[in-house]
Each structure stands twice: as C-alpha cells, then as structure tokens.
$ cat my_file20.txt   # compact mmCIF, C-alpha atoms
# COMPACT_ATOMS: atom_id res chain seq x y z
CA MET A 89 3.02 -9.59 26.60
CA THR A 90 5.32 -8.02 29.20
CA GLN A 91 4.12 -5.88 32.09
CA HIS A 92 5.73 -2.86 30.41
CA ALA A 93 3.86 -3.57 27.19
CA ARG A 94 0.55 -3.97 29.06
CA ALA A 95 1.12 -0.60 30.72
CA ILE A 96 1.62 1.01 27.35
CA VAL A 97 -1.56 -0.52 25.95
CA SER A 98 -3.75 0.27 28.93
CA ARG A 99 -2.31 3.62 29.96
CA ASN A 100 -4.81 6.45 30.35
CA LEU A 101 -4.04 8.54 27.29
CA PRO A 102 -6.09 11.79 27.47
CA ASP A 103 -4.80 15.07 28.92
CA GLU A 104 -1.26 14.72 27.60
CA ASN A 105 1.30 17.28 28.73
CA LEU A 106 2.78 18.81 25.59
CA ALA A 107 5.18 21.16 27.42
CA THR A 108 8.01 18.64 27.66
CA TRP A 109 11.73 18.69 26.96
CA ALA A 110 11.25 16.07 24.26
CA ASN A 111 8.64 18.12 22.40
CA GLY A 112 10.79 21.21 22.80
CA VAL A 113 13.68 19.43 21.08
CA THR A 114 11.32 18.27 18.31
CA LEU A 115 10.16 21.86 17.77
CA PHE A 116 13.74 23.16 17.80
CA ARG A 117 14.70 20.42 15.32
CA ALA A 118 11.92 21.44 12.93
CA VAL A 119 12.69 25.17 13.14
CA GLY A 120 16.47 24.71 13.08
CA GLY A 121 16.29 22.35 10.15
CA LEU A 122 13.97 24.72 8.29
CA VAL A 123 16.42 27.61 8.77
CA LEU A 124 19.43 25.59 7.61
CA PHE A 125 17.66 24.06 4.62
CA SER A 126 16.33 27.50 3.66
CA ILE A 127 19.85 28.93 3.70
CA ALA A 128 20.99 25.96 1.59
CA ALA A 129 18.21 26.65 -0.92
CA ILE A 130 19.03 30.37 -1.14
CA GLU A 131 22.79 29.85 -1.38
CA HIS A 132 22.66 26.62 -3.42
CA ASP A 133 25.26 25.35 -0.96
CA PRO A 134 25.45 21.61 -0.22
CA LYS A 135 27.29 22.29 3.05
CA TRP A 136 24.26 24.05 4.53
CA ASN A 137 22.09 21.20 3.30
CA LEU A 138 24.33 18.69 5.07
CA ALA A 139 24.25 20.84 8.20
CA GLY A 140 20.45 20.72 8.13
CA LEU A 141 20.53 16.94 7.71
CA ALA A 142 22.94 16.60 10.63
CA VAL A 143 20.71 18.71 12.88
CA TYR A 144 17.69 16.66 11.82
CA TRP A 145 19.33 13.30 12.53
CA VAL A 146 21.07 14.24 15.80
CA LEU A 147 18.04 15.97 17.33
CA ASP A 148 15.75 13.20 16.10
CA CYS A 149 17.77 10.76 18.21
CA LEU A 150 17.83 13.21 21.13
CA ASP A 151 14.10 13.92 21.31
CA GLY A 152 13.29 10.22 21.29
CA TYR A 153 15.86 9.53 23.98
CA LEU A 154 14.55 12.35 26.20
CA ALA A 155 10.94 11.24 25.76
CA ARG A 156 11.76 7.73 26.97
CA ALA A 157 14.32 8.67 29.63
CA LEU A 158 12.12 11.37 31.20
CA ASN A 159 8.87 9.43 30.75
CA GLN A 160 7.55 12.20 28.49
CA GLU A 161 6.19 10.13 25.61
CA THR A 162 2.89 11.38 24.22
CA ARG A 163 0.81 10.39 21.24
CA VAL A 164 0.72 13.98 20.01
CA GLY A 165 4.49 14.18 20.38
CA ALA A 166 4.87 10.98 18.36
CA GLN A 167 2.72 12.41 15.55
CA VAL A 168 4.59 15.72 15.52
CA ASP A 169 7.87 13.80 15.40
CA ILE A 170 6.65 11.73 12.43
CA LEU A 171 5.50 14.86 10.57
CA SER A 172 8.75 16.69 11.32
CA ASP A 173 10.72 13.78 9.86
CA ARG A 174 8.79 14.03 6.59
CA PHE A 175 8.93 17.81 6.43
CA LEU A 176 12.70 17.98 6.98
CA MET A 177 13.56 15.05 4.72
CA ALA A 178 11.46 16.56 1.91
CA PHE A 179 13.26 19.90 2.27
CA PHE A 180 16.66 18.19 2.24
CA TYR A 181 15.83 16.26 -0.91
CA LEU A 182 14.36 19.25 -2.73
CA ASN A 183 17.69 20.99 -2.19
CA TYR A 184 19.60 17.85 -3.16
CA LEU A 185 17.51 17.49 -6.32
CA ALA A 186 18.39 21.05 -7.37
CA LEU A 187 22.06 20.10 -7.13
CA HIS A 188 21.68 16.64 -8.71
CA PRO A 189 18.76 16.67 -11.17
CA ASP A 190 20.01 13.42 -12.74
CA LEU A 191 18.84 11.64 -9.56
CA ALA A 192 15.25 12.86 -9.88
CA VAL A 193 13.68 9.42 -10.38
CA VAL A 194 15.23 7.73 -7.36
CA ILE A 195 14.64 10.81 -5.19
CA ALA A 196 10.96 10.92 -6.21
CA LEU A 197 10.54 7.20 -5.53
CA PHE A 198 12.21 7.48 -2.14
CA LEU A 199 10.10 10.48 -1.13
CA PHE A 200 6.91 8.68 -2.16
CA GLU A 201 7.92 5.67 -0.07
CA PHE A 202 8.90 7.80 2.94
CA MET A 203 6.23 10.50 2.83
CA VAL A 204 3.24 8.41 1.73
CA LEU A 205 3.68 4.69 2.42
CA ASP A 206 5.78 4.99 5.56
CA GLN A 207 3.77 7.98 6.83
CA TYR A 208 0.60 5.92 6.58
CA LEU A 209 2.20 2.92 8.29
CA SER A 210 3.73 5.03 11.04
CA ASN A 211 0.33 6.40 12.01
CA GLN A 212 -1.23 2.96 12.33
CA PHE A 213 -0.25 2.93 16.01
CA MET A 214 -3.23 5.26 16.54
CA ARG A 215 -5.57 2.33 15.88
CA TRP A 216 -4.39 0.82 19.16
CA ARG A 217 -3.75 2.32 22.59
CA LEU A 218 -0.06 2.74 21.90
CA LEU A 219 2.08 5.77 22.60
CA SER A 220 4.04 5.57 19.35
CA PRO A 221 5.13 3.19 16.57
CA ASN A 222 8.07 2.24 18.81
CA TYR A 223 5.68 -0.03 20.73
CA PHE A 224 4.04 -1.70 17.75
CA TYR A 225 5.69 -4.96 18.78
CA VAL A 226 2.78 -5.25 21.21
CA VAL A 227 0.48 -5.62 18.20
CA ASP A 228 2.74 -7.31 15.63
CA ARG A 229 6.43 -7.98 16.18
CA THR A 230 7.17 -8.64 12.51
CA ILE A 231 5.81 -5.29 11.34
CA TRP A 232 7.64 -3.55 14.19
CA ARG A 233 10.92 -5.30 13.39
CA LEU A 234 10.72 -4.36 9.71
CA ASN A 235 9.76 -0.73 10.28
CA TRP A 236 10.51 0.63 13.77
CA SER A 237 13.26 -1.47 15.29
CA ALA A 238 16.68 0.24 15.18
CA PRO A 239 17.74 -1.62 11.98
CA GLY A 240 14.32 -1.00 10.43
CA LYS A 241 14.51 2.74 11.10
CA PHE A 242 18.05 2.94 9.73
CA LEU A 243 17.09 1.14 6.53
CA ASN A 244 13.98 3.28 6.18
CA SER A 245 15.43 6.76 6.60
CA GLY A 246 19.20 6.45 6.49
CA VAL A 247 20.54 4.01 3.91
CA VAL A 248 19.22 5.69 0.75
CA THR A 249 20.43 9.10 1.90
CA ILE A 250 23.89 7.83 2.86
CA LEU A 251 24.26 5.99 -0.46
CA LEU A 252 23.22 9.04 -2.48
CA LEU A 253 25.58 11.29 -0.54
CA THR A 254 28.54 8.94 -0.86
CA THR A 255 28.06 7.55 -4.37
CA LYS A 256 25.76 10.05 -6.12
CA SER A 257 24.68 7.04 -8.16
CA ALA A 258 21.11 5.97 -8.82
CA TRP A 259 22.28 2.42 -9.47
CA ALA A 260 23.60 2.13 -5.91
CA VAL A 261 20.17 3.06 -4.56
CA TRP A 262 17.89 0.87 -6.69
CA PRO A 263 18.35 -2.34 -4.65
CA VAL A 264 17.56 -0.50 -1.41
CA LEU A 265 14.50 1.16 -2.94
CA LEU A 266 13.20 -2.21 -4.12
CA ALA A 267 13.74 -3.62 -0.63
CA LEU A 268 11.94 -0.66 0.97
CA TYR A 269 8.95 -0.91 -1.35
CA SER A 270 8.74 -4.65 -0.71
CA ILE A 271 8.83 -4.09 3.05
CA LYS A 272 6.20 -1.34 2.97
CA ILE A 273 3.80 -3.21 0.69
CA TYR A 274 4.16 -6.37 2.78
CA SER A 275 3.66 -4.36 5.99
CA LEU A 276 0.59 -2.59 4.58
CA ILE A 277 -1.02 -5.89 3.65
CA ARG A 278 -0.13 -7.44 6.99
CA VAL A 279 -1.35 -4.51 9.10
CA HIS A 280 -4.74 -4.56 7.37
CA ARG A 281 -5.10 -8.27 8.10
CA LEU A 282 -4.65 -7.71 11.83
CA PRO A 283 -7.72 -8.16 14.06
CA SER A 284 -9.80 -5.06 14.53
CA ALA A 285 -8.19 -2.71 17.01
CA GLN A 286 -9.92 -1.45 20.12
CA PRO A 287 -11.05 2.18 19.79
CA SER A 288 -8.24 4.47 20.93
$ encode --input "my_file20.txt" --output "structure tokens"
Amino acid sequence: MTQHARAIVSRNLPDENLATWANGVTLFRAVGGLVLFSIAAIEHDPKWNLAGLAVYWVLDCLDGYLARALNQETRVGAQVDILSDRFLMAFFYLNYLALHPDLAVVIALFLFEFMVLDQYLSNQFMRWRLLSPNYFYVVDRTIWRLNWSAPGKFLNSGVVTILLLTTKSAWAVWPVLLALYSIKIYSLIRVHRLPSAQPS
C-alpha cells in the first residue's frame, strides 16, 4: 500500500467542508442537466437531450478533476456525485425512450444495471475509510479496475449510450449489457467476500 493510499485510509473524515468548487460544479451539473432535460421533455427535441448529456459528461469530468486538483474530495461530495450521475442518466434515458420506444428493453436493463447494481457497488466505499470509489484499489484492485478505473467507468456509463446514439440498434448493445451484468454480478460477489471492513 502506498503512502498516498495509507493517507486516504487513515485520514480524519469528520467535519467535511461542503462549500467547495468541486461540489459547486456538481450542483451546477445537476441543476443545469435538469433544466436541459426538462426542455427536451417538453419540446420532444433530441438536440436538447444531447445538450443535457453533454453538460452532464463534461461537468462530471470537471468536478472530479477539481476535487482532486484542489484537494477538495469529501465523502459527502462523492455520494452526491454518484446520485447526480443516476438522476441525470435516468432523465436522459426517459427522454430517449419517448423518442425510441422500440429500445425499451435494453434501456430498462441498462438503467437497472446503472441505477441499482452499480449504485450499490459504488457506495461500498463507505464500508472502509475511503474518500470515494476512486480509491477502492486500496481494498481490492480487481473490483476497482473493473468498475472505477478510467476504462471501467467508460464501459459502465459511456459505451451503451454511445452505441444507442450512433446505431439506434438494440442488437449493438446486447453484448455490452451482458458484459456489464457479468462484471457487476462478479463484483458484487467478490465485494461481499472481502474481509470485514473497519467501521467508517
């Protein structure tokens, strides 16, 4: 375990400062995405829906970068970020479903994977004294690599959406969905076999 990792595990966690630039960007992302997705729903306009998705993805990268660069990572901020991801992705896909009802099955399966299985996994960092899932490699590198490394995050929240937007084909998405469900089920089993965590 590196010195950086030990600092993350042993850091004194109470009394977090929530008034940070990173949390401000997360809040702006949630509100801005809500406004754009609401306009898309009212107008039935896919361009507004794409604009909301772009705001979500760009600001999601920015708030994480600011939190790390400015040393503003907090456990509350990590949980708000996780919830914002689910909230915005659900709104995007509800709009997308209205425009493409023939994709209802794959959209429902993806949302269940992202909003239930991945939500549960992403909050497992709370069982240890970690600041966010980004540091789960301290506990288990395999689970971290599959879920929260850069490739893991891209597969989890980007590939299905990109494929649906570019192909509008359920068949293009099925292999990725099967891979995602396999990863999540394996990760769930593995995380519950880990030694008992210290109280956080």
$ closest_residue --input "my_file20.txt" --among "A:Asp190, A:Val247, A:Leu276, A:Asp173" --to "Tyr208 in chain A" --atoms "all atoms listed in the file"
A:Leu276
$ closest_residue --input "my_file20.txt" --among "A:Trp236, A:Leu147, A:Arg163, A:His132" --to "Arg217 in chain A" --atoms "all atoms listed in the file"
A:Arg163
$ residues_around --input "my_file20.txt" --residues "Leu191 in chain A" --least-positions-apart "4" --cutoff "8 Å" --atoms "all atoms listed in the file" --output "list of chain:residue names"
A:Leu185, A:Ile195, A:Lys256, A:Ser257, A:Ala258
$ residues_around --input "my_file20.txt" --residues "Leu158 in chain A" --least-positions-apart "4" --cutoff "9 Å" --atoms "all atoms listed in the file" --output "ChimeraX atom specification"
/A:109-110,153-154
$ residues_around --input "my_file20.txt" --residues "Thr249 in chain A" --least-positions-apart "3" --cutoff "12 Å" --atoms "only C-alpha atoms" --output "PyMOL selection string"
chain A and resi 138+141-142+145+177-178+180-181+184+191+194-195+198-199+202+242-246+252-258+260-261+264-265
$ residues_around --input "my_file20.txt" --residues "range 270-274 of chain A" --least-positions-apart "5" --cutoff "9 Å" --atoms "only C-alpha atoms" --output "PyMOL selection string"
chain A and resi 201+205-206+209+231+234-235+265+279
$ closest_residue --input "my_file20.txt" --among "A:Leu122, A:Leu251, A:Ala128, A:Ile277" --to "Ala186 in chain A" --atoms "only C-alpha atoms"
A:Ala128
$ closest_residue --input "my_file20.txt" --among "A:Glu161, A:Lys135, A:Arg281, A:Ala129" --to "Leu218 in chain A" --atoms "all atoms listed in the file"
A:Glu161
$ atom_distance --input "my_file20.txt" --atom1 "CA of Arg215 in chain A" --atom2 "CA of Arg117 in chain A"
27.2 Å
$ atom_distance --input "my_file20.txt" --atom1 "CA of Ala155 in chain A" --atom2 "CA of Val168 in chain A"
12.9 Å
$ closest_residue --input "my_file20.txt" --among "A:Ser275, A:Leu171, A:Gly152, A:Ala166" --to "Ala118 in chain A" --atoms "all atoms listed in the file"
A:Leu171
$ residues_around --input "my_file20.txt" --residues "Ile170 in chain A" --least-positions-apart "4" --cutoff "8 Å" --atoms "all atoms listed in the file" --output "mmCIF file with C-alpha atoms, in the frame of the given file"
data_model
loop_
_atom_site.group_PDB
_atom_site.id
_atom_site.type_symbol
_atom_site.label_atom_id
_atom_site.label_comp_id
_atom_site.auth_asym_id
_atom_site.auth_seq_id
_atom_site.Cartn_x
_atom_site.Cartn_y
_atom_site.Cartn_z
ATOM 1 C CA ALA A 166 4.870 10.980 18.360
ATOM 2 C CA ARG A 174 8.790 14.030 6.590
ATOM 3 C CA GLN A 207 3.770 7.980 6.830
ATOM 4 C CA SER A 210 3.730 5.030 11.040
#
$ atom_distance --input "my_file20.txt" --atom1 "CA of Pro283 in chain A" --atom2 "CA of Asp228 in chain A"
10.6 Å
$ closest_residue --input "my_file20.txt" --among "A:Ser126, A:Asn137, A:Asn222, A:Ser172" --to "Val113 in chain A" --atoms "only C-alpha atoms"
A:Ser172
$ decode --input "my_file20.txt" --residues "range 136-266 of chain A" --atoms "C-alpha atoms" --output "compact mmCIF listing (two decimals), in the first residue's frame"
# COMPACT_ATOMS: atom_id res chain seq x y z
CA TRP A 136 -31.82 19.44 -26.05
CA ASN A 137 -31.46 15.91 -24.72
CA LEU A 138 -27.98 15.67 -26.24
CA ALA A 139 -27.13 19.08 -24.79
CA GLY A 140 -28.11 17.82 -21.35
CA LEU A 141 -25.97 14.71 -21.83
CA ALA A 142 -23.01 16.84 -22.91
CA VAL A 143 -23.33 19.08 -19.84
CA TYR A 144 -23.58 16.00 -17.62
CA TRP A 145 -20.47 14.33 -19.06
CA VAL A 146 -18.27 17.43 -19.30
CA LEU A 147 -19.08 18.72 -15.82
CA ASP A 148 -18.80 15.22 -14.37
CA CYS A 149 -15.18 15.16 -15.55
CA LEU A 150 -14.62 18.72 -14.30
CA ASP A 151 -15.95 18.26 -10.76
CA GLY A 152 -13.80 15.17 -10.26
CA TYR A 153 -10.74 16.95 -11.60
CA LEU A 154 -11.29 19.98 -9.34
CA ALA A 155 -11.86 17.81 -6.28
CA ARG A 156 -8.52 16.06 -6.78
CA ALA A 157 -6.53 19.07 -8.02
CA LEU A 158 -7.72 21.36 -5.20
CA ASN A 159 -7.66 18.66 -2.53
CA GLN A 160 -11.41 19.09 -2.04
CA GLU A 161 -12.51 15.46 -2.05
CA THR A 162 -15.20 14.64 0.51
CA ARG A 163 -17.26 11.55 1.18
CA VAL A 164 -20.47 13.57 1.00
CA GLY A 165 -19.33 15.05 -2.29
CA ALA A 166 -18.64 11.57 -3.65
CA GLN A 167 -22.14 10.41 -2.69
CA VAL A 168 -23.79 13.49 -4.21
CA ASP A 169 -21.77 12.93 -7.38
CA ILE A 170 -22.91 9.29 -7.57
CA LEU A 171 -26.56 10.27 -7.05
CA SER A 172 -26.33 13.07 -9.62
CA ASP A 173 -24.99 10.60 -12.18
CA ARG A 174 -28.02 8.35 -11.69
CA PHE A 175 -30.52 11.19 -11.64
CA LEU A 176 -29.24 12.75 -14.86
CA MET A 177 -28.76 9.48 -16.73
CA ALA A 178 -32.31 8.40 -15.82
CA PHE A 179 -33.72 11.70 -17.11
CA PHE A 180 -31.73 11.39 -20.35
CA TYR A 181 -32.99 7.87 -20.95
CA LEU A 182 -36.60 8.67 -20.14
CA ASN A 183 -36.45 11.31 -22.87
CA TYR A 184 -34.62 8.93 -25.20
CA LEU A 185 -37.22 6.22 -24.55
CA ALA A 186 -40.03 8.60 -25.55
CA LEU A 187 -38.27 9.11 -28.88
CA HIS A 188 -37.29 5.44 -29.37
CA PRO A 189 -39.86 3.19 -27.66
CA ASP A 190 -38.57 0.18 -29.63
CA LEU A 191 -35.45 0.29 -27.42
CA ALA A 192 -37.42 -0.03 -24.17
CA VAL A 193 -35.99 -3.42 -23.15
CA VAL A 194 -32.32 -2.52 -23.48
CA ILE A 195 -32.89 0.90 -21.89
CA ALA A 196 -34.67 -0.70 -18.92
CA LEU A 197 -31.90 -3.28 -18.50
CA PHE A 198 -29.20 -0.63 -18.68
CA LEU A 199 -30.96 1.61 -16.15
CA PHE A 200 -31.39 -1.30 -13.74
CA GLU A 201 -27.68 -2.10 -14.04
CA PHE A 202 -26.62 1.53 -13.61
CA MET A 203 -29.14 2.74 -11.04
CA VAL A 204 -29.39 -0.38 -8.87
CA LEU A 205 -26.39 -2.70 -9.23
CA ASP A 206 -23.76 -0.05 -9.90
CA GLN A 207 -25.30 2.36 -7.37
CA TYR A 208 -25.00 -0.30 -4.69
CA LEU A 209 -21.42 -1.14 -5.67
CA SER A 210 -20.39 2.50 -5.86
CA ASN A 211 -21.47 3.09 -2.28
CA GLN A 212 -19.45 0.18 -0.94
CA PHE A 213 -16.52 2.54 -0.38
CA MET A 214 -18.42 3.74 2.70
CA ARG A 215 -17.63 0.43 4.40
CA TRP A 216 -13.99 1.50 4.52
CA ARG A 217 -12.32 4.79 5.38
CA LEU A 218 -12.10 5.83 1.75
CA LEU A 219 -12.97 9.17 0.26
CA SER A 220 -14.67 7.75 -2.83
CA PRO A 221 -14.85 4.67 -5.08
CA ASN A 222 -11.85 6.10 -6.95
CA TYR A 223 -9.65 4.75 -4.15
CA PHE A 224 -11.16 1.28 -3.93
CA TYR A 225 -7.89 -0.13 -5.24
CA VAL A 226 -6.72 0.17 -1.62
CA VAL A 227 -9.27 -2.52 -0.73
CA ASP A 228 -9.43 -4.61 -3.92
CA ARG A 229 -7.62 -3.71 -7.13
CA THR A 230 -9.65 -6.09 -9.30
CA ILE A 231 -13.00 -4.60 -8.30
CA TRP A 232 -11.58 -1.10 -8.75
CA ARG A 233 -10.17 -1.91 -12.18
CA LEU A 234 -13.47 -3.36 -13.38
CA ASN A 235 -15.64 -0.54 -12.05
CA TRP A 236 -13.80 2.71 -11.27
CA SER A 237 -10.63 2.80 -13.34
CA ALA A 238 -10.90 5.06 -16.40
CA PRO A 239 -11.73 2.13 -18.76
CA GLY A 240 -14.15 0.70 -16.19
CA LYS A 241 -16.02 3.99 -15.86
CA PHE A 242 -16.19 4.42 -19.64
CA LEU A 243 -17.60 0.93 -20.13
CA ASN A 244 -20.05 1.44 -17.28
CA SER A 245 -21.59 4.77 -18.23
CA GLY A 246 -20.47 5.60 -21.75
CA VAL A 247 -20.41 2.66 -24.15
CA VAL A 248 -24.11 1.74 -24.08
CA THR A 249 -25.14 5.37 -24.51
CA ILE A 250 -22.73 5.98 -27.39
CA LEU A 251 -23.84 2.79 -29.15
CA LEU A 252 -27.52 3.65 -28.80
CA LEU A 253 -26.94 7.18 -30.06
CA THR A 254 -24.88 6.09 -33.05
CA THR A 255 -26.64 2.88 -34.08
CA LYS A 256 -30.12 3.10 -32.51
CA SER A 257 -29.94 -0.68 -32.50
CA ALA A 258 -30.68 -2.95 -29.56
CA TRP A 259 -28.56 -5.68 -31.12
CA ALA A 260 -25.45 -3.48 -30.95
CA VAL A 261 -25.99 -3.02 -27.21
CA TRP A 262 -26.73 -6.59 -26.09
CA PRO A 263 -23.07 -7.74 -25.91
CA VAL A 264 -22.14 -4.71 -23.79
CA LEU A 265 -25.11 -5.23 -21.49
CA LEU A 266 -24.14 -8.88 -20.98
